[in-house]
>>> print(open('protein.cif').read())   # mmCIF, C-alpha atoms
data_input
#
loop_
_atom_site.label_atom_id
_atom_site.label_comp_id
_atom_site.auth_asym_id
_atom_site.auth_seq_id
_atom_site.Cartn_x
_atom_site.Cartn_y
_atom_site.Cartn_z
CA MET A 1 17.53 26.36 -20.56
CA LYS A 2 17.84 22.93 -19.09
CA ASN A 3 21.24 22.24 -17.47
CA ILE A 4 22.52 18.69 -17.11
CA SER A 5 25.74 18.12 -15.22
CA ARG A 6 28.43 15.55 -15.85
CA ASP A 7 27.24 13.59 -12.82
CA ALA A 8 23.62 13.62 -13.99
CA ILE A 9 24.76 12.36 -17.41
CA ALA A 10 26.71 9.53 -15.75
CA GLN A 11 23.64 8.52 -13.72
CA MET A 12 21.21 8.45 -16.67
CA GLY A 13 19.83 5.23 -18.09
CA LYS A 14 21.92 3.93 -20.97
CA ILE A 15 19.43 4.61 -23.79
CA GLU A 16 18.62 8.13 -22.62
CA ARG A 17 22.33 8.94 -22.32
CA LEU A 18 23.07 7.50 -25.77
CA ASN A 19 20.30 9.57 -27.32
CA LEU A 20 21.28 12.76 -25.52
CA ILE A 21 25.05 12.65 -26.01
CA ASN A 22 24.82 11.47 -29.61
CA SER A 23 22.57 14.42 -30.47
CA CYS A 24 24.34 17.21 -28.55
CA THR A 25 27.31 17.84 -30.86
CA GLY A 26 25.25 18.86 -33.92
CA TYR A 27 24.54 17.30 -37.29
CA LYS A 28 26.67 14.40 -38.43
CA SER A 29 27.64 13.12 -41.85
CA ALA A 30 25.65 10.15 -43.14
CA ASN A 31 27.76 7.61 -44.96
CA LEU A 32 27.66 3.98 -45.92
CA LEU A 33 31.09 2.36 -45.69
CA ALA A 34 31.40 -0.59 -48.03
CA SER A 35 34.18 -3.13 -47.83
CA LYS A 36 35.11 -6.66 -48.91
CA SER A 37 36.78 -9.52 -47.11
CA VAL A 38 39.79 -11.29 -48.64
CA ASP A 39 37.50 -14.20 -49.51
CA GLY A 40 35.20 -11.88 -51.43
CA LYS A 41 32.29 -11.23 -49.06
CA SER A 42 30.87 -7.70 -49.28
CA ASN A 43 29.82 -5.64 -46.32
CA VAL A 44 28.13 -2.28 -45.86
CA ALA A 45 27.57 -0.34 -42.64
CA ILE A 46 26.37 3.12 -41.67
CA PHE A 47 28.78 5.61 -40.11
CA SER A 48 28.12 9.12 -38.84
CA SER A 49 31.64 10.14 -37.85
CA VAL A 50 33.40 10.51 -41.21
CA THR A 51 35.15 13.89 -41.12
CA HIS A 52 37.37 15.88 -43.43
CA LEU A 53 40.91 15.86 -42.04
CA GLY A 54 42.92 17.68 -44.67
CA SER A 55 42.91 18.49 -48.37
CA ASN A 56 46.56 18.14 -49.37
CA PRO A 57 46.99 15.22 -49.02
CA ALA A 58 43.25 14.47 -49.19
CA LEU A 59 42.57 12.66 -45.92
CA ILE A 60 39.49 11.65 -43.99
CA GLY A 61 39.02 10.20 -40.54
CA PHE A 62 36.32 8.31 -38.70
CA ILE A 63 35.77 6.75 -35.29
CA MET A 64 35.11 3.08 -34.70
CA ARG A 65 34.95 0.65 -31.84
CA PRO A 66 36.63 -2.43 -33.29
CA THR A 67 35.51 -4.87 -30.63
CA THR A 68 31.79 -4.28 -31.20
CA VAL A 69 29.57 -3.66 -34.23
CA PRO A 70 30.47 -3.08 -37.04
CA ARG A 71 33.34 -5.53 -36.80
CA ASP A 72 33.23 -6.63 -40.44
CA THR A 73 34.11 -3.14 -41.67
CA TYR A 74 37.25 -2.96 -39.55
CA LYS A 75 38.30 -6.54 -40.32
CA ASN A 76 37.86 -5.99 -44.06
CA ILE A 77 39.71 -2.68 -44.09
CA LYS A 78 42.62 -4.25 -42.22
CA GLU A 79 42.66 -7.24 -44.59
CA THR A 80 42.43 -5.44 -47.93
CA GLY A 81 43.52 -1.89 -47.07
CA TYR A 82 40.59 -0.35 -48.94
CA PHE A 83 36.95 0.71 -48.48
CA THR A 84 34.44 3.09 -50.01
CA VAL A 85 32.47 5.97 -48.49
CA ASN A 86 29.04 6.56 -50.01
CA HIS A 87 26.72 9.48 -49.22
CA ILE A 88 23.23 8.47 -48.11
CA THR A 89 20.29 9.99 -49.99
CA VAL A 90 16.84 10.56 -48.53
CA ASP A 91 15.33 7.55 -50.34
CA MET A 92 17.96 5.21 -48.82
CA ILE A 93 17.48 6.07 -45.15
CA ALA A 94 15.46 3.03 -44.00
CA ASP A 95 17.91 0.62 -45.64
CA ALA A 96 20.94 2.61 -44.50
CA HIS A 97 19.68 2.57 -40.91
CA HIS A 98 19.03 -1.16 -41.11
CA THR A 99 22.73 -1.83 -41.76
CA SER A 100 23.23 -1.03 -38.05
CA ALA A 101 21.44 -4.26 -37.06
CA ASN A 102 23.65 -6.77 -35.29
CA TYR A 103 24.18 -9.30 -38.08
CA GLU A 104 26.60 -12.17 -37.63
CA LEU A 105 30.15 -11.74 -38.93
CA GLY A 106 30.31 -12.45 -42.64
CA ILE A 107 26.67 -11.59 -43.39
CA SER A 108 26.37 -8.98 -46.17
CA GLU A 109 23.93 -6.17 -45.47
CA PHE A 110 23.66 -5.87 -49.25
CA ASP A 111 21.74 -9.17 -49.06
CA LYS A 112 19.54 -8.01 -46.18
CA THR A 113 18.48 -4.58 -47.53
CA ASN A 114 17.57 -2.97 -50.84
CA LEU A 115 21.03 -1.41 -51.07
CA GLU A 116 22.84 -2.54 -54.21
CA GLU A 117 26.52 -3.01 -54.89
CA GLU A 118 28.07 -1.06 -57.72
CA TYR A 119 31.47 -1.89 -59.18
CA LYS A 120 33.77 0.49 -60.99
CA LYS A 121 36.51 -0.32 -63.48
CA GLY A 122 39.74 -1.36 -61.79
CA ILE A 123 38.31 -1.29 -58.23
CA GLU A 124 37.46 -4.51 -56.40
CA ILE A 125 35.64 -2.93 -53.45
CA PRO A 126 31.91 -2.25 -53.95
CA PHE A 127 30.30 1.19 -53.93
CA VAL A 128 26.65 1.80 -53.05
CA LYS A 129 24.56 2.26 -56.18
CA GLY A 130 22.69 5.56 -56.36
CA SER A 131 24.96 7.38 -53.95
CA PRO A 132 25.72 10.79 -55.53
CA VAL A 133 29.19 11.14 -53.91
CA GLN A 134 31.44 8.11 -53.58
CA LEU A 135 35.00 7.96 -52.25
CA TYR A 136 37.45 5.15 -52.82
CA CYS A 137 39.69 5.20 -49.76
CA LYS A 138 42.91 3.58 -48.63
CA TYR A 139 43.81 2.83 -45.03
CA VAL A 140 46.67 5.03 -43.87
CA ASN A 141 46.93 4.76 -40.10
CA GLU A 142 44.94 4.44 -36.91
CA TYR A 143 45.16 6.12 -33.54
CA TYR A 144 43.92 4.29 -30.48
CA ILE A 145 41.92 6.63 -28.25
CA LYS A 146 42.54 5.22 -24.81
CA GLU A 147 39.93 7.42 -23.11
CA ASN A 148 37.11 5.24 -24.41
CA ASP A 149 38.64 2.34 -26.29
CA THR A 150 37.91 3.63 -29.80
CA ILE A 151 40.01 3.94 -32.91
CA HIS A 152 40.40 7.02 -35.06
CA LEU A 153 41.03 5.56 -38.48
CA ILE A 154 42.79 7.74 -41.06
CA ALA A 155 42.41 7.11 -44.79
CA SER A 156 43.43 8.77 -48.02
CA ILE A 157 41.06 9.52 -50.89
CA GLU A 158 42.31 7.53 -53.89
CA ASN A 159 39.39 8.28 -56.21
CA LEU A 160 36.43 10.60 -55.90
CA PHE A 161 33.24 10.05 -57.88
CA PHE A 162 30.32 12.46 -57.93
CA GLU A 163 27.27 13.44 -59.94
CA GLU A 164 28.29 16.33 -62.15
CA GLU A 165 25.24 18.43 -61.27
CA LEU A 166 26.63 18.85 -57.74
CA GLU A 167 29.83 20.55 -58.88
CA HIS A 168 30.45 24.29 -58.87
CA LYS A 169 33.15 25.90 -60.97
CA ASP A 170 35.38 26.45 -57.93
CA GLY A 171 35.36 22.76 -56.96
CA TRP A 172 32.63 22.93 -54.31
CA LEU A 173 30.11 20.08 -54.30
CA GLN A 174 26.64 21.38 -53.38
CA ILE A 175 25.41 18.16 -51.82
CA ASP A 176 21.78 19.22 -51.26
CA ARG A 177 21.40 18.91 -55.05
CA GLY A 178 21.90 15.17 -54.49
CA ASN A 179 19.37 14.95 -51.61
CA VAL A 180 22.11 13.83 -49.23
CA VAL A 181 20.98 13.52 -45.60
CA ALA A 182 22.57 14.44 -42.28
CA ILE A 183 22.12 12.54 -39.02
CA ASN A 184 20.80 13.96 -35.74
CA GLY A 185 21.75 11.62 -32.91
CA LEU A 186 21.64 7.87 -33.44
CA ASP A 187 18.56 7.57 -35.60
CA GLY A 188 17.20 10.92 -36.82
CA TYR A 189 17.65 11.47 -40.56
CA CYS A 190 17.43 15.06 -41.78
CA LEU A 191 17.40 16.68 -45.20
CA PRO A 192 19.43 19.91 -45.34
CA LYS A 193 18.85 22.69 -47.85
CA LEU A 194 21.42 25.37 -48.63
CA VAL A 195 20.64 28.72 -47.00
CA ASP A 196 23.68 30.73 -48.04
CA ARG A 197 27.30 30.48 -49.04
CA PHE A 198 29.84 33.01 -47.88
CA GLN A 199 33.01 34.39 -49.38
CA TYR A 200 36.37 33.89 -47.68
CA ALA A 201 36.18 35.90 -44.44
CA ARG A 202 38.46 38.98 -44.33
CA LYS A 203 38.91 40.83 -41.11
CA GLU A 204 38.14 44.37 -42.33
CA ILE A 205 35.08 43.48 -44.40
CA PRO A 206 31.73 42.08 -43.17
CA SER A 207 31.20 38.54 -44.44
CA THR A 208 29.08 38.49 -47.57
CA SER A 209 27.32 35.86 -49.63
CA PHE A 210 28.73 34.40 -52.81
CA PRO A 211 27.42 36.19 -55.90
CA LYS A 212 24.41 34.23 -57.17
CA LYS A 213 25.02 32.55 -60.50
CA MET B 1 29.62 10.33 -62.77
CA LYS B 2 32.74 12.42 -62.74
CA ASN B 3 35.85 10.54 -61.53
CA ILE B 4 38.78 12.43 -60.05
CA SER B 5 41.93 10.49 -59.18
CA ARG B 6 44.32 11.05 -56.32
CA ASP B 7 46.85 12.47 -58.77
CA ALA B 8 44.31 14.87 -60.27
CA ILE B 9 43.39 16.06 -56.76
CA ALA B 10 47.08 16.67 -55.97
CA GLN B 11 47.49 18.72 -59.15
CA MET B 12 44.44 20.96 -58.60
CA GLY B 13 44.72 24.60 -57.64
CA LYS B 14 44.65 25.11 -53.89
CA ILE B 15 41.20 26.77 -53.66
CA GLU B 16 39.51 24.24 -55.93
CA ARG B 17 41.04 21.36 -53.94
CA LEU B 18 40.01 22.92 -50.61
CA ASN B 19 36.44 23.34 -51.83
CA LEU B 20 36.21 19.86 -53.32
CA ILE B 21 37.78 17.86 -50.49
CA ASN B 22 36.03 19.82 -47.74
CA SER B 23 32.66 19.09 -49.34
CA CYS B 24 33.13 15.43 -50.28
CA THR B 25 32.70 13.79 -46.87
CA GLY B 26 29.12 15.00 -46.27
CA TYR B 27 27.50 17.47 -43.91
CA LYS B 28 29.50 18.74 -40.96
CA SER B 29 28.50 20.04 -37.57
CA ALA B 30 28.43 23.83 -37.18
CA ASN B 31 29.78 25.00 -33.84
CA LEU B 32 31.24 28.10 -32.29
CA LEU B 33 34.00 27.27 -29.82
CA ALA B 34 34.36 29.96 -27.19
CA SER B 35 37.33 30.21 -24.86
CA LYS B 36 39.15 32.65 -22.61
CA SER B 37 42.83 33.42 -22.10
CA VAL B 38 44.32 33.39 -18.59
CA ASP B 39 44.36 37.18 -18.70
CA GLY B 40 40.63 37.26 -19.40
CA LYS B 41 40.37 37.86 -23.14
CA SER B 42 37.46 36.05 -24.80
CA ASN B 43 37.67 34.32 -28.15
CA VAL B 44 35.16 32.61 -30.43
CA ALA B 45 35.85 30.63 -33.59
CA ILE B 46 33.86 28.43 -35.96
CA PHE B 47 34.60 24.70 -36.16
CA SER B 48 33.03 22.07 -38.39
CA SER B 49 34.78 18.95 -37.08
CA VAL B 50 33.24 18.50 -33.62
CA THR B 51 32.17 14.86 -33.41
CA HIS B 52 30.58 12.61 -30.82
CA LEU B 53 33.22 10.21 -29.53
CA GLY B 54 31.42 8.29 -26.79
CA SER B 55 28.53 8.61 -24.36
CA ASN B 56 29.87 6.99 -21.19
CA PRO B 57 32.01 8.91 -20.41
CA ALA B 58 30.54 11.72 -22.51
CA LEU B 59 33.38 12.68 -24.85
CA ILE B 60 33.73 14.78 -27.97
CA GLY B 61 36.60 15.27 -30.37
CA PHE B 62 37.58 17.84 -32.97
CA ILE B 63 40.45 18.49 -35.36
CA MET B 64 42.66 21.53 -35.28
CA ARG B 65 45.86 22.77 -36.82
CA PRO B 66 47.52 24.50 -33.92
CA THR B 67 50.12 26.35 -35.92
CA THR B 68 47.61 28.24 -38.05
CA VAL B 69 44.20 29.86 -37.48
CA PRO B 70 42.48 29.59 -35.03
CA ARG B 71 45.48 29.70 -32.72
CA ASP B 72 43.71 31.55 -29.91
CA THR B 73 41.30 28.69 -29.33
CA TYR B 74 44.09 26.16 -28.88
CA LYS B 75 46.21 28.48 -26.73
CA ASN B 76 43.26 29.29 -24.46
CA ILE B 77 42.19 25.66 -24.09
CA LYS B 78 45.72 24.69 -23.14
CA GLU B 79 45.97 27.55 -20.66
CA THR B 80 42.63 27.17 -18.87
CA GLY B 81 41.63 23.59 -19.68
CA TYR B 82 38.10 24.60 -20.65
CA PHE B 83 36.01 25.80 -23.59
CA THR B 84 32.40 25.86 -24.73
CA VAL B 85 30.73 24.39 -27.84
CA ASN B 86 27.73 26.34 -29.12
CA HIS B 87 25.41 25.26 -31.94
CA ILE B 88 25.02 27.80 -34.74
CA THR B 89 21.49 28.83 -35.69
CA VAL B 90 20.42 30.05 -39.12
CA ASP B 91 20.29 33.71 -38.01
CA MET B 92 23.92 33.57 -36.82
CA ILE B 93 25.57 32.26 -39.98
CA ALA B 94 27.11 35.50 -41.33
CA ASP B 95 28.65 36.32 -37.95
CA ALA B 96 29.70 32.73 -37.31
CA HIS B 97 31.43 32.57 -40.70
CA HIS B 98 33.18 35.87 -40.03
CA THR B 99 34.94 34.38 -36.99
CA SER B 100 37.12 32.52 -39.53
CA ALA B 101 38.80 35.80 -40.58
CA ASN B 102 42.49 35.97 -39.78
CA TYR B 103 42.42 38.32 -36.78
CA GLU B 104 45.59 38.96 -34.80
CA LEU B 105 46.21 36.89 -31.66
CA GLY B 106 44.30 38.31 -28.72
CA ILE B 107 41.54 39.99 -30.77
CA SER B 108 38.07 38.87 -29.64
CA GLU B 109 35.68 37.95 -32.44
CA PHE B 110 32.91 38.85 -29.98
CA ASP B 111 34.03 42.48 -30.52
CA LYS B 112 34.16 42.13 -34.30
CA THR B 113 30.77 40.47 -34.89
CA ASN B 114 27.22 40.61 -33.51
CA LEU B 115 27.84 37.43 -31.52
CA GLU B 116 27.35 38.05 -27.80
CA GLU B 117 28.98 36.43 -24.80
CA GLU B 118 26.73 34.75 -22.27
CA TYR B 119 27.92 33.75 -18.81
CA LYS B 120 26.46 31.03 -16.61
CA LYS B 121 26.68 30.69 -12.87
CA GLY B 122 29.95 29.16 -11.72
CA ILE B 123 31.52 29.03 -15.22
CA GLU B 124 34.17 31.55 -16.26
CA ILE B 125 34.28 30.65 -19.94
CA PRO B 126 31.76 32.43 -22.19
CA PHE B 127 28.96 30.73 -24.12
CA VAL B 128 27.40 32.20 -27.26
CA LYS B 129 24.08 33.86 -26.50
CA GLY B 130 21.12 32.47 -28.42
CA SER B 131 22.72 29.11 -29.15
CA PRO B 132 20.07 26.45 -28.40
CA VAL B 133 22.58 23.73 -27.40
CA GLN B 134 25.69 24.65 -25.40
CA LEU B 135 28.37 22.34 -24.01
CA TYR B 136 30.83 23.23 -21.29
CA CYS B 137 33.86 21.08 -22.04
CA LYS B 138 37.12 20.15 -20.36
CA TYR B 139 40.33 19.28 -22.17
CA VAL B 140 41.18 15.60 -21.71
CA ASN B 141 43.90 14.70 -24.19
CA GLU B 142 45.19 15.29 -27.69
CA TYR B 143 46.51 13.00 -30.38
CA TYR B 144 48.95 14.35 -32.91
CA ILE B 145 48.06 13.17 -36.41
CA LYS B 146 51.41 13.00 -38.11
CA GLU B 147 49.95 12.40 -41.59
CA ASN B 148 49.01 16.07 -41.94
CA ASP B 149 50.24 17.88 -38.84
CA THR B 150 46.87 18.22 -37.13
CA ILE B 151 45.68 17.56 -33.60
CA HIS B 152 42.67 15.49 -32.61
CA LEU B 153 41.63 17.13 -29.37
CA ILE B 154 39.53 15.08 -26.93
CA ALA B 155 37.30 16.75 -24.34
CA SER B 156 34.72 15.70 -21.79
CA ILE B 157 31.27 17.24 -21.45
CA GLU B 158 31.09 18.80 -17.99
CA ASN B 159 27.74 20.53 -18.39
CA LEU B 160 25.14 20.39 -21.13
CA PHE B 161 22.62 23.22 -21.65
CA PHE B 162 19.76 23.07 -24.13
CA GLU B 163 16.40 24.64 -24.90
CA GLU B 164 13.77 22.38 -23.40
CA GLU B 165 11.61 22.33 -26.54
CA LEU B 166 14.35 20.30 -28.29
CA GLU B 167 14.17 17.40 -25.82
CA HIS B 168 12.28 14.15 -26.39
CA LYS B 169 11.28 11.85 -23.54
CA ASP B 170 14.02 9.36 -24.42
CA GLY B 171 16.80 11.96 -24.19
CA TRP B 172 17.08 12.75 -27.90
CA LEU B 173 17.54 16.41 -28.81
CA GLN B 174 15.69 17.22 -32.05
CA ILE B 175 17.99 20.02 -33.15
CA ASP B 176 15.99 21.19 -36.16
CA ARG B 177 13.52 22.63 -33.62
CA GLY B 178 16.32 25.07 -32.73
CA ASN B 179 17.08 25.99 -36.39
CA VAL B 180 20.60 24.62 -36.03
CA VAL B 181 22.60 24.60 -39.28
CA ALA B 182 24.99 22.10 -40.87
CA ILE B 183 27.99 23.00 -43.03
CA ASN B 184 28.64 21.84 -46.60
CA GLY B 185 32.30 22.36 -47.41
CA LEU B 186 34.12 25.44 -46.14
CA ASP B 187 31.40 28.04 -46.51
CA GLY B 188 27.98 26.57 -47.37
CA TYR B 189 25.43 26.85 -44.54
CA CYS B 190 22.45 24.52 -44.73
CA LEU B 191 19.27 24.17 -42.70
CA PRO B 192 18.26 20.53 -42.12
CA LYS B 193 14.73 19.36 -41.39
CA LEU B 194 13.89 16.00 -39.86
CA VAL B 195 12.61 13.47 -42.40
CA ASP B 196 12.23 10.41 -40.19
CA ARG B 197 13.49 8.75 -37.06
CA PHE B 198 13.99 5.00 -36.90
CA GLN B 199 13.75 2.46 -34.13
CA TYR B 200 16.78 0.45 -33.04
CA ALA B 201 17.61 -1.81 -36.00
CA ARG B 202 16.97 -5.53 -35.40
CA LYS B 203 18.20 -8.05 -37.90
CA GLU B 204 14.97 -10.00 -38.41
CA ILE B 205 12.65 -6.99 -38.68
CA PRO B 206 12.64 -4.28 -41.38
CA SER B 207 13.64 -0.92 -39.90
CA THR B 208 10.60 1.16 -39.02
CA SER B 209 9.96 4.75 -38.02
CA PHE B 210 9.44 5.84 -34.46
CA PRO B 211 5.74 6.00 -33.57
CA LYS B 212 4.59 9.58 -34.14
CA LYS B 213 3.68 11.40 -30.94
#
>>> encode(input="protein.cif", output="structure tokens")
Amino acid sequence: MKNISRDAIAQMGKIERLNLINSCTGYKSANLLASKSVDGKSNVAIFSSVTHLGSNPALIGFIMRPTTVPRDTYKNIKETGYFTVNHITVDMIADAHHTSANYELGISEFDKTNLEEEYKKGIEIPFVKGSPVQLYCKYVNEYYIKENDTIHLIASIENLFFEEELEHKDGWLQIDRGNVVAINGLDGYCLPKLVDRFQYARKEIPSTSFPKK
Amino acid sequence: MKNISRDAIAQMGKIERLNLINSCTGYKSANLLASKSVDGKSNVAIFSSVTHLGSNPALIGFIMRPTTVPRDTYKNIKETGYFTVNHITVDMIADAHHTSANYELGISEFDKTNLEEEYKKGIEIPFVKGSPVQLYCKYVNEYYIKENDTIHLIASIENLFFEEELEHKDGWLQIDRGNVVAINGLDGYCLPKLVDRFQYARKEIPSTSFPKK
């Protein structure tokens, strides 16, 4: 195996280091975060750090660097308190990736890509049309991570929308049924397929698959 | 689409809510965290929240609930300051999942599964043999998330090991070449395959794929 030390990582060129370190932690979630400014301008940006934080209360977290791209997302969330999380499907990947371009503040990526806004009854923040899992989220708190000047933003799930064909009887959403992608590094888009699902692990019994339906 | 409100989520049965909320944020990374107690007992546990935090310095973060399973991992990291992150391959999934069983403190999951310890020169903490990407990490800090009594643990990458066939010239590790899995929810193991990789997004130019090699 190749072995790269901390010092060698520090001495790499910027692009090589970005590619390497972004790809070395494993697959990442692929989400479009949509938001709206107080004066009604929509925004959508790709994020790969949205993570489940807890189920009761239902909380998510994600990492952002507020002083750089994507500034609109942070500004809008702070202004309105709300945003949406939308799973990216395989047919959206070129447009989803393009939302990472460095547009000026106030420019809507909905106008610059084929991504379309979708509005739901009683909710003023847009969702991304065609996304098979959509979360309506409310800002809860943020933790400043001083080690590298990032923010860990915590939000609650206020409403959860999903295509019914994804749902199993025990609540599990099988997201490969919706052709949802995962991200490898900064720019690699991957399509996962379910291999197996396991029962709750018990110490005296070897872990076994779920009974097939 | 099905619409589930915050109140409906709160009123669900515990298992259904765990399955639903754990699967609604998208694919998660699949890693085995290995550690060692000061008296030399190894431990390995599955985590699905390891996330890239920054590249310079190279930092990762993950979420844990220190008062419940997996307590050994947290105790060992606090005692020694070090741990390893090991990507899970498709042939390891039953054993990797079984590390989530509620073993007593001090029991090594390496003894209870087919997972094998691997040691590298100059490093006292075990890696997981056969894992195609392995990170040797050092504890840096932790942030207590008061909203749900969890800890966001921050660590630096001290050494990075990977199979050379994963590496591209620009530093990117193409992890599907190592049959690395992603996790859907609490217990669904998925195998991703690369669909496309895109060039750095520029605002005036539609996003395009990387030139094929």
>>> resolve_selection(input="protein.cif", expression="the PyMOL selection byres ((chain A and resi 5) around 9)", output="ChimeraX atom specification")
/A:3-4,6-10 /B:157-161
>>> resolve_selection(input="protein.cif", expression="the PyMOL selection byres ((chain A and resi 55-63) around 10)", output="PyMOL selection string")
(chain A and resi 47-54+64-66+137-145+150-158) or (chain B and resi 6+9-12+14-15+17-22+24-25+51-54+61+63+147-148)
>>> residues_around(input="protein.cif", residues="Val133 (chain A)", least_positions_apart="4", cutoff="12 Å", atoms="all atoms listed in the file", output="compact mmCIF listing (two decimals) with C-alpha atoms, keeping the file's coordinate frame")
# COMPACT_ATOMS: atom_id res chain seq x y z
CA ALA A 30 25.65 10.15 -43.14
CA ASN A 31 27.76 7.61 -44.96
CA LEU A 32 27.66 3.98 -45.92
CA THR A 84 34.44 3.09 -50.01
CA VAL A 85 32.47 5.97 -48.49
CA ASN A 86 29.04 6.56 -50.01
CA HIS A 87 26.72 9.48 -49.22
CA ILE A 88 23.23 8.47 -48.11
CA THR A 89 20.29 9.99 -49.99
CA PHE A 127 30.30 1.19 -53.93
CA VAL A 128 26.65 1.80 -53.05
CA LYS A 129 24.56 2.26 -56.18
CA ASN A 159 39.39 8.28 -56.21
CA LEU A 160 36.43 10.60 -55.90
CA PHE A 161 33.24 10.05 -57.88
CA PHE A 162 30.32 12.46 -57.93
CA GLU A 163 27.27 13.44 -59.94
CA GLU A 164 28.29 16.33 -62.15
CA GLU A 165 25.24 18.43 -61.27
CA LEU A 166 26.63 18.85 -57.74
CA GLU A 167 29.83 20.55 -58.88
CA LEU A 173 30.11 20.08 -54.30
CA GLN A 174 26.64 21.38 -53.38
CA ILE A 175 25.41 18.16 -51.82
CA ASP A 176 21.78 19.22 -51.26
CA ARG A 177 21.40 18.91 -55.05
CA GLY A 178 21.90 15.17 -54.49
CA ASN A 179 19.37 14.95 -51.61
CA VAL A 180 22.11 13.83 -49.23
CA VAL A 181 20.98 13.52 -45.60
CA MET B 1 29.62 10.33 -62.77
CA LYS B 2 32.74 12.42 -62.74
CA ASN B 3 35.85 10.54 -61.53
CA ILE B 4 38.78 12.43 -60.05
CA LEU B 20 36.21 19.86 -53.32
CA ILE B 21 37.78 17.86 -50.49
CA SER B 23 32.66 19.09 -49.34
CA CYS B 24 33.13 15.43 -50.28
CA THR B 25 32.70 13.79 -46.87
CA GLY B 26 29.12 15.00 -46.27
CA TYR B 27 27.50 17.47 -43.91
>>> atom_distance(input="protein.cif", atom1="CA of Ile93 (chain A)", atom2="CA of Gly40 (chain A)")
26.0 Å
>>> resolve_selection(input="protein.cif", expression="the PyMOL selection byres ((chain A and resi 100-112) around 8)", output="PyMOL selection string")
(chain A and resi 41-46+69-72+96-99+113-117) or (chain B and resi 200-203)
>>> write_last_selection(input="protein.cif", atoms="C-alpha atoms", output="compact mmCIF listing (two decimals), in the frame of the given file")
# COMPACT_ATOMS: atom_id res chain seq x y z
CA LYS A 41 32.29 -11.23 -49.06
CA SER A 42 30.87 -7.70 -49.28
CA ASN A 43 29.82 -5.64 -46.32
CA VAL A 44 28.13 -2.28 -45.86
CA ALA A 45 27.57 -0.34 -42.64
CA ILE A 46 26.37 3.12 -41.67
CA VAL A 69 29.57 -3.66 -34.23
CA PRO A 70 30.47 -3.08 -37.04
CA ARG A 71 33.34 -5.53 -36.80
CA ASP A 72 33.23 -6.63 -40.44
CA ALA A 96 20.94 2.61 -44.50
CA HIS A 97 19.68 2.57 -40.91
CA HIS A 98 19.03 -1.16 -41.11
CA THR A 99 22.73 -1.83 -41.76
CA THR A 113 18.48 -4.58 -47.53
CA ASN A 114 17.57 -2.97 -50.84
CA LEU A 115 21.03 -1.41 -51.07
CA GLU A 116 22.84 -2.54 -54.21
CA GLU A 117 26.52 -3.01 -54.89
CA TYR B 200 16.78 0.45 -33.04
CA ALA B 201 17.61 -1.81 -36.00
CA ARG B 202 16.97 -5.53 -35.40
CA LYS B 203 18.20 -8.05 -37.90
